[in-house]
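Enquirer: I am sharing input-v1.txt, which consists of compact mmCIF, C-alpha atoms:
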# COMPACT_ATOMS: atom_id res chain seq x y z
CA MET J 1 0.00 0.00 0.00
CA THR J 2 1.37 3.41 -1.00
CA LYS J 3 2.11 5.71 1.91
CA THR J 4 0.25 9.01 2.13
CA LYS J 5 2.69 11.78 1.26
CA ILE J 6 2.53 14.89 3.47
CA TRP J 7 4.37 18.13 2.70
CA ILE J 8 4.87 20.27 5.81
CA THR J 9 5.90 23.89 5.28
CA GLY J 10 7.40 25.83 8.18
CA SER J 11 8.83 22.53 9.41
CA LYS J 12 11.25 24.17 11.87
CA GLY J 13 8.53 26.02 13.77
CA ARG J 14 6.61 24.82 16.81
CA VAL J 15 3.79 23.05 14.99
CA GLY J 16 5.94 22.00 12.04
CA ARG J 17 8.46 20.21 14.24
CA ALA J 18 5.84 18.40 16.28
CA LEU J 19 3.84 17.41 13.20
CA ARG J 20 6.91 16.15 11.36
CA LYS J 21 7.92 13.96 14.31
CA LEU J 22 4.43 12.55 14.81
CA ALA J 23 3.73 11.95 11.10
CA LYS J 24 6.98 10.06 10.64
CA ALA J 25 6.24 7.94 13.72
CA LYS J 26 2.85 7.06 12.25
CA GLY J 27 4.38 5.88 8.99
CA TYR J 28 3.54 8.78 6.68
CA SER J 29 5.94 9.74 3.92
CA VAL J 30 6.96 13.21 5.07
CA TYR J 31 8.43 16.03 2.99
CA THR J 32 9.48 19.24 4.71
CA SER J 33 10.51 22.76 3.84
CA ASP J 34 11.21 25.90 5.80
CA LYS J 35 13.10 29.02 4.79
CA ASP J 36 14.79 27.00 2.06
CA LEU J 37 11.58 27.38 0.04
CA ASP J 38 9.85 30.76 -0.18
CA ILE J 39 6.13 29.98 -0.25
CA SER J 40 5.39 33.50 -1.53
CA VAL J 41 7.11 32.65 -4.83
CA VAL J 42 4.46 30.86 -6.86
CA GLU J 43 6.93 29.28 -9.32
CA ASP J 44 8.90 27.67 -6.47
CA VAL J 45 5.75 26.24 -4.89
CA ASN J 46 4.47 24.89 -8.21
CA SER J 47 7.83 23.31 -9.02
CA TYR J 48 7.88 21.57 -5.64
CA VAL J 49 4.45 19.99 -5.99
CA LYS J 50 5.17 18.87 -9.54
CA VAL J 51 8.24 16.99 -8.34
CA TYR J 52 6.93 15.47 -5.09
CA ARG J 53 3.15 15.42 -5.70
CA PRO J 54 2.06 15.26 -2.03
CA ASN J 55 -1.38 13.94 -1.11
CA VAL J 56 -1.64 16.47 1.70
CA ILE J 57 -0.07 19.91 2.20
CA VAL J 58 0.04 21.34 5.73
CA ASN J 59 0.97 25.01 5.89
CA CYS J 60 2.69 25.66 9.22
CA ALA J 61 4.74 28.53 7.79
CA GLY J 62 4.04 32.07 8.88
CA ILE J 63 5.28 35.27 10.46
CA THR J 64 3.80 35.26 13.95
CA ASP J 65 5.63 38.08 15.75
CA LEU J 66 2.93 40.71 16.36
CA THR J 67 5.29 43.66 16.65
CA TYR J 68 7.24 42.65 13.54
CA CYS J 69 4.00 42.34 11.58
CA GLU J 70 2.90 45.84 12.66
CA GLU J 71 6.22 47.27 11.53
CA ASN J 72 6.38 45.19 8.32
CA PRO J 73 2.81 44.75 7.03
CA TYR J 74 3.86 43.96 3.45
CA GLU J 75 6.10 41.14 4.69
CA ALA J 76 3.33 39.81 6.95
CA PHE J 77 0.83 39.67 4.06
CA ARG J 78 3.46 38.30 1.67
CA ILE J 79 4.00 35.18 3.78
CA ASN J 80 0.74 34.80 5.73
CA ALA J 81 -1.62 35.60 2.86
CA ILE J 82 0.16 35.21 -0.49
CA GLY J 83 2.09 32.16 0.72
CA ALA J 84 -1.16 30.49 1.78
CA ARG J 85 -2.71 31.42 -1.59
CA ASN J 86 0.13 29.82 -3.54
CA LEU J 87 0.03 26.61 -1.53
CA ALA J 88 -3.76 26.33 -1.77
CA ALA J 89 -3.70 26.82 -5.54
CA ALA J 90 -0.93 24.24 -5.86
CA ALA J 91 -2.90 21.77 -3.75
CA GLN J 92 -5.93 22.26 -5.97
CA SER J 93 -3.84 21.69 -9.11
CA ILE J 94 -2.85 18.17 -7.98
CA GLY J 95 -6.00 17.29 -6.00
CA ALA J 96 -4.22 17.37 -2.62
CA LYS J 97 -5.91 18.04 0.70
CA PHE J 98 -4.81 21.37 2.14
CA ILE J 99 -4.46 22.23 5.84
CA GLN J 100 -3.97 25.88 6.79
CA VAL J 101 -2.80 26.51 10.36
CA SER J 102 -4.37 29.74 11.61
CA THR J 103 -4.89 31.64 14.84
CA ASP J 104 -7.27 33.09 17.41
CA ASP J 105 -5.94 36.51 16.35
CA VAL J 106 -8.58 36.58 13.61
CA PHE J 107 -10.84 37.70 16.48
CA ASP J 108 -10.49 41.10 18.20
CA GLY J 109 -10.18 39.70 21.73
CA LYS J 110 -13.05 41.79 23.11
CA SER J 111 -15.76 39.13 23.48
CA PRO J 112 -16.28 37.70 26.99
CA ASN J 113 -17.75 34.54 25.44
CA ALA J 114 -16.12 31.45 23.97
CA LEU J 115 -15.77 31.78 20.19
CA ASN J 116 -16.85 28.95 17.91
CA GLU J 117 -16.17 28.54 14.20
CA PHE J 118 -19.40 30.35 13.24
CA GLU J 119 -18.64 33.59 15.10
CA PRO J 120 -17.85 36.67 12.99
CA VAL J 121 -14.15 37.47 12.76
CA ASN J 122 -12.71 40.93 13.37
CA PRO J 123 -8.90 40.99 13.53
CA TYR J 124 -7.28 43.88 15.38
CA THR J 125 -3.63 43.37 14.48
CA VAL J 126 -1.77 43.24 11.18
CA TYR J 127 -0.87 39.66 12.09
CA GLY J 128 -4.53 38.75 12.55
CA LYS J 129 -5.54 40.55 9.36
CA SER J 130 -2.85 38.80 7.33
CA LYS J 131 -3.84 35.38 8.68
CA LEU J 132 -7.50 36.06 7.93
CA ALA J 133 -6.54 37.10 4.40
CA GLY J 134 -4.76 33.76 4.09
CA GLU J 135 -7.85 31.91 5.32
CA ASN J 136 -10.05 33.70 2.78
CA LEU J 137 -7.71 32.97 -0.11
CA VAL J 138 -7.56 29.30 0.85
CA ARG J 139 -11.36 29.12 0.88
CA GLU J 140 -11.52 30.67 -2.57
CA LEU J 141 -8.89 28.50 -4.20
CA THR J 142 -9.49 24.92 -3.07
CA PRO J 143 -12.59 23.14 -1.76
CA LYS J 144 -10.47 20.40 -0.17
CA HIS J 145 -9.28 22.60 2.68
CA ILE J 146 -9.24 22.53 6.46
CA ILE J 147 -8.46 25.73 8.37
CA VAL J 148 -7.27 24.93 11.88
CA ARG J 149 -7.30 27.81 14.36
CA SER J 150 -5.48 27.48 17.64
CA SER J 151 -4.16 29.70 20.45
CA TRP J 152 -1.04 30.28 22.53
CA VAL J 153 0.77 27.40 20.87
CA TYR J 154 3.99 26.29 22.54
CA GLY J 155 6.50 23.58 21.65
CA SER J 156 10.12 22.73 21.00
CA ALA J 157 11.21 25.56 18.73
CA PRO J 158 12.94 28.95 18.94
CA ASN J 159 10.94 31.75 20.61
CA CYS J 160 8.57 29.35 22.36
CA TYR J 161 6.79 31.11 25.25
CA VAL J 162 7.65 28.32 27.70
CA SER J 163 11.36 28.29 26.85
CA LYS J 164 11.59 32.08 26.96
CA LEU J 165 9.96 32.13 30.39
CA LEU J 166 12.32 29.44 31.69
CA ASP J 167 15.27 31.41 30.30
CA ARG J 168 14.09 34.45 32.25
CA ALA J 169 13.81 32.33 35.37
CA LYS J 170 17.56 31.65 35.18
CA THR J 171 18.39 35.31 35.85
CA GLU J 172 15.24 36.89 37.35
CA SER J 173 13.79 36.17 40.79
CA VAL J 174 10.61 38.18 40.08
CA ILE J 175 8.89 37.94 36.70
CA GLN J 176 5.96 40.21 35.83
CA ILE J 177 3.29 38.65 33.62
CA PRO J 178 -0.05 40.12 32.39
CA ASN J 179 -3.14 38.94 34.24
CA ASP J 180 -5.60 40.56 31.82
CA GLN J 181 -4.86 38.39 28.79
CA PHE J 182 -6.89 35.17 28.60
CA SER J 183 -6.88 32.25 26.19
CA CYS J 184 -6.26 28.50 25.89
CA PRO J 185 -2.57 27.46 25.95
CA THR J 186 -2.12 24.68 23.42
CA SER J 187 0.63 22.13 23.09
CA ALA J 188 2.04 21.81 19.57
CA ALA J 189 2.11 18.05 20.13
CA GLU J 190 -1.63 17.94 20.85
CA LEU J 191 -2.41 20.26 17.96
CA SER J 192 -0.39 17.98 15.67
CA LYS J 193 -2.37 14.93 16.85
CA CYS J 194 -5.56 16.78 15.96
CA ILE J 195 -4.25 17.80 12.52
CA LEU J 196 -3.30 14.21 11.69
CA LYS J 197 -6.75 12.98 12.77
CA LEU J 198 -8.37 15.58 10.51
CA ILE J 199 -6.15 14.49 7.63
CA GLU J 200 -7.46 10.95 8.07
CA THR J 201 -11.11 12.06 7.92
CA ASN J 202 -13.28 13.35 5.11
CA GLU J 203 -13.91 16.57 7.02
CA TYR J 204 -13.39 20.01 5.52
CA GLY J 205 -13.93 23.61 6.64
CA VAL J 206 -12.90 25.58 9.72
CA PHE J 207 -11.97 23.83 12.96
CA HIS J 208 -10.93 25.36 16.27
CA ALA J 209 -8.33 23.20 18.01
CA SER J 210 -7.19 24.61 21.34
CA CYS J 211 -6.66 22.76 24.59
CA GLU J 212 -9.66 22.95 26.89
CA GLY J 213 -9.87 25.50 29.69
CA VAL J 214 -9.49 29.21 30.32
CA VAL J 215 -6.35 30.73 31.80
CA SER J 216 -4.58 34.08 32.03
CA ARG J 217 -0.97 34.61 30.95
CA TYR J 218 -0.14 35.04 34.64
CA GLN J 219 -1.77 31.76 35.63
CA PHE J 220 -0.12 29.98 32.70
CA ALA J 221 3.32 31.33 33.69
CA ARG J 222 2.84 30.30 37.32
CA LYS J 223 1.99 26.77 36.26
CA ILE J 224 5.09 26.58 34.01
CA ILE J 225 7.30 27.69 36.91
CA GLU J 226 5.57 25.18 39.20
CA TYR J 227 6.02 22.26 36.80
CA ALA J 228 9.67 23.26 36.31
CA GLY J 229 10.18 22.98 40.09
CA LEU J 230 11.15 26.65 40.42
CA SER J 231 8.35 27.98 42.60
CA ASP J 232 10.72 28.42 45.59
CA LYS J 233 13.19 30.41 43.48
CA VAL J 234 11.03 32.53 41.20
CA THR J 235 8.00 34.71 41.97
CA VAL J 236 5.53 35.34 39.17
CA GLU J 237 3.87 38.72 39.73
CA PRO J 238 0.58 39.76 38.07
CA VAL J 239 0.42 43.12 36.27
CA LEU J 240 -1.79 44.81 33.68
CA ALA J 241 -0.57 44.23 30.14
CA THR J 242 -0.76 47.92 29.32
CA ALA J 243 1.50 48.73 32.26
CA MET J 244 4.29 46.63 30.78
CA ASP J 245 4.55 48.06 27.29
CA THR J 246 2.72 50.34 24.88
CA GLY J 247 3.18 47.91 21.98
CA ILE J 248 0.28 46.14 20.33
CA ALA J 249 1.45 42.76 21.65
CA ASN J 250 0.73 43.92 25.19
CA ARG J 251 -2.94 44.72 25.57
CA SER J 252 -5.93 43.28 27.36
CA ARG J 253 -7.31 40.37 25.37
CA TYR J 254 -9.83 37.54 25.81
CA THR J 255 -9.92 34.87 23.10
CA ILE J 256 -11.30 31.55 24.24
CA LEU J 257 -11.82 29.20 21.31
CA ASP J 258 -14.75 26.79 21.46
CA ASN J 259 -13.82 23.60 19.58
CA MET J 260 -17.40 23.23 18.38
CA MET J 261 -16.66 21.57 15.04
CA LEU J 262 -14.39 18.96 16.62
CA LYS J 263 -17.19 18.12 19.05
CA LEU J 264 -19.95 18.11 16.43
CA THR J 265 -18.02 15.80 14.10
CA GLY J 266 -16.34 13.71 16.81
CA ALA J 267 -13.08 14.13 14.90
CA TYR J 268 -10.84 14.70 17.94
CA GLU J 269 -11.02 15.64 21.61
CA MET J 270 -8.48 18.19 22.82
CA PRO J 271 -7.18 17.63 26.38
CA ASN J 272 -7.24 20.11 29.26
CA TRP J 273 -4.41 22.64 29.02
CA GLU J 274 -2.86 21.63 32.37
CA ILE J 275 -2.60 17.97 31.34
CA ALA J 276 -0.98 18.91 28.02
CA LEU J 277 1.43 21.33 29.73
CA ALA J 278 2.44 18.73 32.34
CA GLU J 279 3.24 16.24 29.56
CA TYR J 280 5.28 18.84 27.67
CA MET J 281 7.25 19.86 30.76
CA GLN J 282 8.05 16.21 31.43
CA SER J 283 9.23 15.76 27.84
CA ILE J 284 11.71 18.64 27.99
CA LYS J 285 13.20 17.34 31.24
CA LYS J 286 14.28 14.11 29.54
What is this structure when it is put down as structure tokens?
Expert:
Amino acid sequence: MTKTKIWITGSKGRVGRALRKLAKAKGYSVYTSDKDLDISVVEDVNSYVKVYRPNVIVNCAGITDLTYCEENPYEAFRINAIGARNLAAAAQSIGAKFIQVSTDDVFDGKSPNALNEFEPVNPYTVYGKSKLAGENLVRELTPKHIIVRSSWVYGSAPNCYVSKLLDRAKTESVIQIPNDQFSCPTSAAELSKCILKLIETNEYGVFHASCEGVVSRYQFARKIIEYAGLSDKVTVEPVLATAMDTGIANRSRYTILDNMMLKLTGAYEMPNWEIALAEYMQSIKK
């Protein structure tokens, strides 16, 4: 039996790394690219799919730094929107299933209610706007698409929130963290499990895939320090986000994703965020 061929873009990022590892372990034939292939160059994307002809393309590539996106909007849209467009069109040309990894930043963060896949979007940041543009282009260009939105994704990759916090804990005895930003911290490993399950189904459309539960940045940071065994050495102090910085990345925000489509279809059940975090912290201790 021929193995399903999966092409993962952004393979050196948090989700890309986790998905690559899991897909290989499950016996998929995995092809990867990162900065070695510019997804915004349509000729390069088309050449790649003509050579390798993947059955599934998973787009984990993207510019996710909020401040960088605000300062470089053309670059943000070039990768997050045009890159997604090129990959979606290429997937359609060879009949491949296309998975676009997206974000809770397509919402404005002002709703006090959990947000399901049928809620109206209203991005506030350039990052959110560029990711929404990518979603819309994917919808237009291939019917065989799944858009997977998640939140506060962490994993083994540069600039991971968990690793940056633990690095701070090496030199700081008091760490100030916002207590007015709320979401659902999500393990890249759990998100990857969900993506693979969706690949194996005949489902299409938009799916929210965040770990279950509601937590503030402050509560999340405290739990990371606790699981790292540093509670007696480091104090996590709650502050208002706006008191820390005037940048767009530091503002009050409430984006709780309701995984309604996963529940309606029975495709996958995301675990509680504390369980997923405990497993991740154990894995990085090994």
Enquirer: Counting all atoms listed in the file, figure out which residue out of J:His145, J:Lys197, J:Lys3, J:Lys129 gets nearest to Asn59 in chain J.
Expert: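 Closest to Asn59 in chain J of all the choices is J:His145.
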Enquirer: Using all atoms listed in the file, determine which residues lie at most 12 Å from Val121 in chain J, disregarding the query and same-chain residues fewer than 5 positions distant; provide the list as an MDAnalysis selection string.
Expert: chainID J and resid 103:111 115:116 128:129 131:133 135:136 149 255
Enquirer: Write out as a list in words which residues come within 10 Å of Glu203 in chain J when counting only C-alpha atoms, dropping same-chain ones fewer than 5 positions away.
Expert: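 That gives Lys144, His145, Ile146, Lys197, Leu198, Met261, Leu262, Thr265 and Ala267 of chain J.
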Enquirer: Please, which residues are within 12 Å of (5.9, 38.5, 0.4) by the file's coordinates, counting all atoms listed in the file, and could they come as a list in words?
Expert: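 Residues lying no farther than 12 Å from the given point: Asp38, Ile39, Ser40, Val41, Val42, Gly62, Ile63, Cys69, Asn72, Pro73, Tyr74, Glu75, Ala76, Phe77, Arg78, Ile79, Asn80, Ala81, Ile82, Gly83, Ala84, Arg85, Asn86 and Ser130 of chain J.
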Enquirer: If you count all atoms listed in the file, which residues fall within 12 Å of Gly229 in chain J, apart from same-chain ones fewer than 2 positions away, as a PyMOL selection string?
Expert: chain J and resi 166+169+222-227+231-234+278+281-282+285
Enquirer: Compare J:Ala188, J:Ala241, J:Cys160, J:Val138 by their minimum atom-to-atom distance to Leu22 in chain J, counting only C-alpha atoms, and give me the closest one.
Expert: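 When distances to Leu22 in chain J are compared using only C-alpha atoms, the smallest one comes from J:Ala188.
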Enquirer: Taking 2 positions as the minimum chain separation for residues in the same chain, which residues sit within 12 Å of Lys263 in chain J when counting only C-alpha atoms? Answer as a PDB file with C-alpha atoms, in the frame of the given file.
Expert:
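This is the output file selection.pdb:
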ATOM      1  CA  ASN J 116     -16.850  28.950  17.910  1.00  0.00           C
ATOM      2  CA  GLU J 117     -16.170  28.540  14.200  1.00  0.00           C
ATOM      3  CA  PHE J 207     -11.970  23.830  12.960  1.00  0.00           C
ATOM      4  CA  HIS J 208     -10.930  25.360  16.270  1.00  0.00           C
ATOM      5  CA  ALA J 209      -8.330  23.200  18.010  1.00  0.00           C
ATOM      6  CA  GLU J 212      -9.660  22.950  26.890  1.00  0.00           C
ATOM      7  CA  ASP J 258     -14.750  26.790  21.460  1.00  0.00           C
ATOM      8  CA  ASN J 259     -13.820  23.600  19.580  1.00  0.00           C
ATOM      9  CA  MET J 260     -17.400  23.230  18.380  1.00  0.00           C
ATOM     10  CA  MET J 261     -16.660  21.570  15.040  1.00  0.00           C
ATOM     11  CA  THR J 265     -18.020  15.800  14.100  1.00  0.00           C
ATOM     12  CA  GLY J 266     -16.340  13.710  16.810  1.00  0.00           C
ATOM     13  CA  ALA J 267     -13.080  14.130  14.900  1.00  0.00           C
ATOM     14  CA  TYR J 268     -10.840  14.700  17.940  1.00  0.00           C
ATOM     15  CA  GLU J 269     -11.020  15.640  21.610  1.00  0.00           C
ATOM     16  CA  MET J 270      -8.480  18.190  22.820  1.00  0.00           C
TER      17      MET J 270
END
Enquirer: Would you work out the distance separating CA of Phe182 in chain J from CA of Asn272 in chain J, expressed in Å to one decimal?
Expert: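 About the pair CA of Phe182 in chain J and CA of Asn272 in chain J: they are 15.1 Å apart.
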Enquirer: Quick one: of J:Thr186, J:Ser283, J:Thr64, J:Thr9, who's nearest to Asn159 in chain J, counting all atoms listed in the file?
Expert: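 Using all atoms listed in the file, the shortest distance to Asn159 in chain J belongs to J:Thr64.
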Enquirer: Under the rule that only C-alpha atoms are counted, which of J:Ile147, J:Leu277, J:Ile256, J:Val101 is the nearest residue to Ala189 in chain J?
Expert: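 Checking each candidate against Ala189 in chain J, we get J:Leu277 as the closest.
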Enquirer: Quote the spacing between CA of Pro238 in chain J and CA of Gln181 in chain J in Å to one decimal place.
Expert: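 So the two atoms, CA of Pro238 in chain J and CA of Gln181 in chain J, lie 10.8 Å apart.
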Enquirer: From the list J:Thr242, J:Pro271, J:Tyr161, J:Ser183, which residue is nearest Ala114 in chain J when using all atoms listed in the file?
Expert: J:Ser183
Enquirer: Counting all atoms listed in the file, which residues come within 9 Å of (-3.3, 11.0, 4.9), with the point read in the file's coordinates, and could you list them as a PyMOL selection string?
Expert: chain J and resi 3-6+28+55-56+97+196-201
Enquirer: Distance CA of Ala221 in chain J-CA of Ala157 in chain J, one decimal place?
Expert: 17.9 Å
Enquirer: Which one is closest to Glu190 in chain J: J:Pro123, J:Gly155, J:Gly134, J:Gly213? Count only C-alpha atoms.
Expert: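 Distance minimum relative to Glu190 in chain J lands on J:Gly155.
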Enquirer: Show which residues sit within 7 Å of Ala88 in chain J, as a PyMOL selection string. Count all atoms listed in the file, and ignore same-chain residues fewer than 5 positions away.
Expert: chain J and resi 98+138+141-142
Enquirer: Would you save range 149-218 of chain J to a file, keeping C-alpha atoms, as a PDB file, in the first residue's frame?
Expert:
ATOM      1  CA  ARG J 149      -7.299  27.814  14.358  1.00  0.00           C
ATOM      2  CA  SER J 150      -5.476  27.484  17.644  1.00  0.00           C
ATOM      3  CA  SER J 151      -4.161  29.704  20.446  1.00  0.00           C
ATOM      4  CA  TRP J 152      -1.043  30.276  22.534  1.00  0.00           C
ATOM      5  CA  VAL J 153       0.767  27.397  20.872  1.00  0.00           C
ATOM      6  CA  TYR J 154       3.992  26.286  22.542  1.00  0.00           C
ATOM      7  CA  GLY J 155       6.495  23.581  21.648  1.00  0.00           C
ATOM      8  CA  SER J 156      10.123  22.731  21.005  1.00  0.00           C
ATOM      9  CA  ALA J 157      11.211  25.561  18.729  1.00  0.00           C
ATOM     10  CA  PRO J 158      12.942  28.955  18.941  1.00  0.00           C
ATOM     11  CA  ASN J 159      10.943  31.750  20.610  1.00  0.00           C
ATOM     12  CA  CYS J 160       8.569  29.350  22.364  1.00  0.00           C
ATOM     13  CA  TYR J 161       6.786  31.108  25.246  1.00  0.00           C
ATOM     14  CA  VAL J 162       7.646  28.316  27.697  1.00  0.00           C
ATOM     15  CA  SER J 163      11.359  28.286  26.849  1.00  0.00           C
ATOM     16  CA  LYS J 164      11.585  32.083  26.955  1.00  0.00           C
ATOM     17  CA  LEU J 165       9.960  32.132  30.392  1.00  0.00           C
ATOM     18  CA  LEU J 166      12.320  29.436  31.686  1.00  0.00           C
ATOM     19  CA  ASP J 167      15.270  31.410  30.303  1.00  0.00           C
ATOM     20  CA  ARG J 168      14.095  34.454  32.249  1.00  0.00           C
ATOM     21  CA  ALA J 169      13.810  32.327  35.375  1.00  0.00           C
ATOM     22  CA  LYS J 170      17.558  31.653  35.180  1.00  0.00           C
ATOM     23  CA  THR J 171      18.388  35.307  35.848  1.00  0.00           C
ATOM     24  CA  GLU J 172      15.240  36.888  37.347  1.00  0.00           C
ATOM     25  CA  SER J 173      13.789  36.173  40.787  1.00  0.00           C
ATOM     26  CA  VAL J 174      10.610  38.180  40.077  1.00  0.00           C
ATOM     27  CA  ILE J 175       8.888  37.942  36.698  1.00  0.00           C
ATOM     28  CA  GLN J 176       5.957  40.206  35.835  1.00  0.00           C
ATOM     29  CA  ILE J 177       3.285  38.645  33.620  1.00  0.00           C
ATOM     30  CA  PRO J 178      -0.047  40.124  32.391  1.00  0.00           C
ATOM     31  CA  ASN J 179      -3.138  38.937  34.240  1.00  0.00           C
ATOM     32  CA  ASP J 180      -5.601  40.562  31.820  1.00  0.00           C
ATOM     33  CA  GLN J 181      -4.859  38.391  28.789  1.00  0.00           C
ATOM     34  CA  PHE J 182      -6.894  35.171  28.604  1.00  0.00           C
ATOM     35  CA  SER J 183      -6.883  32.250  26.188  1.00  0.00           C
ATOM     36  CA  CYS J 184      -6.265  28.505  25.886  1.00  0.00           C
ATOM     37  CA  PRO J 185      -2.565  27.457  25.954  1.00  0.00           C
ATOM     38  CA  THR J 186      -2.125  24.681  23.416  1.00  0.00           C
ATOM     39  CA  SER J 187       0.634  22.125  23.090  1.00  0.00           C
ATOM     40  CA  ALA J 188       2.042  21.811  19.566  1.00  0.00           C
ATOM     41  CA  ALA J 189       2.111  18.048  20.130  1.00  0.00           C
ATOM     42  CA  GLU J 190      -1.633  17.945  20.854  1.00  0.00           C
ATOM     43  CA  LEU J 191      -2.406  20.263  17.957  1.00  0.00           C
ATOM     44  CA  SER J 192      -0.394  17.975  15.672  1.00  0.00           C
ATOM     45  CA  LYS J 193      -2.371  14.934  16.850  1.00  0.00           C
ATOM     46  CA  CYS J 194      -5.558  16.784  15.956  1.00  0.00           C
ATOM     47  CA  ILE J 195      -4.249  17.797  12.522  1.00  0.00           C
ATOM     48  CA  LEU J 196      -3.303  14.206  11.695  1.00  0.00           C
ATOM     49  CA  LYS J 197      -6.746  12.982  12.766  1.00  0.00           C
ATOM     50  CA  LEU J 198      -8.374  15.583  10.510  1.00  0.00           C
ATOM     51  CA  ILE J 199      -6.146  14.492   7.627  1.00  0.00           C
ATOM     52  CA  GLU J 200      -7.457  10.950   8.066  1.00  0.00           C
ATOM     53  CA  THR J 201     -11.109  12.058   7.918  1.00  0.00           C
ATOM     54  CA  ASN J 202     -13.285  13.345   5.106  1.00  0.00           C
ATOM     55  CA  GLU J 203     -13.913  16.566   7.022  1.00  0.00           C
ATOM     56  CA  TYR J 204     -13.394  20.011   5.517  1.00  0.00           C
ATOM     57  CA  GLY J 205     -13.930  23.608   6.635  1.00  0.00           C
ATOM     58  CA  VAL J 206     -12.903  25.585   9.720  1.00  0.00           C
ATOM     59  CA  PHE J 207     -11.970  23.828  12.965  1.00  0.00           C
ATOM     60  CA  HIS J 208     -10.934  25.356  16.273  1.00  0.00           C
ATOM     61  CA  ALA J 209      -8.333  23.204  18.012  1.00  0.00           C
ATOM     62  CA  SER J 210      -7.191  24.612  21.344  1.00  0.00           C
ATOM     63  CA  CYS J 211      -6.657  22.758  24.589  1.00  0.00           C
ATOM     64  CA  GLU J 212      -9.662  22.955  26.886  1.00  0.00           C
ATOM     65  CA  GLY J 213      -9.875  25.496  29.692  1.00  0.00           C
ATOM     66  CA  VAL J 214      -9.487  29.212  30.316  1.00  0.00           C
ATOM     67  CA  VAL J 215      -6.352  30.730  31.804  1.00  0.00           C
ATOM     68  CA  SER J 216      -4.578  34.084  32.028  1.00  0.00           C
ATOM     69  CA  ARG J 217      -0.969  34.614  30.954  1.00  0.00           C
ATOM     70  CA  TYR J 218      -0.139  35.045  34.639  1.00  0.00           C
TER      71      TYR J 218
END
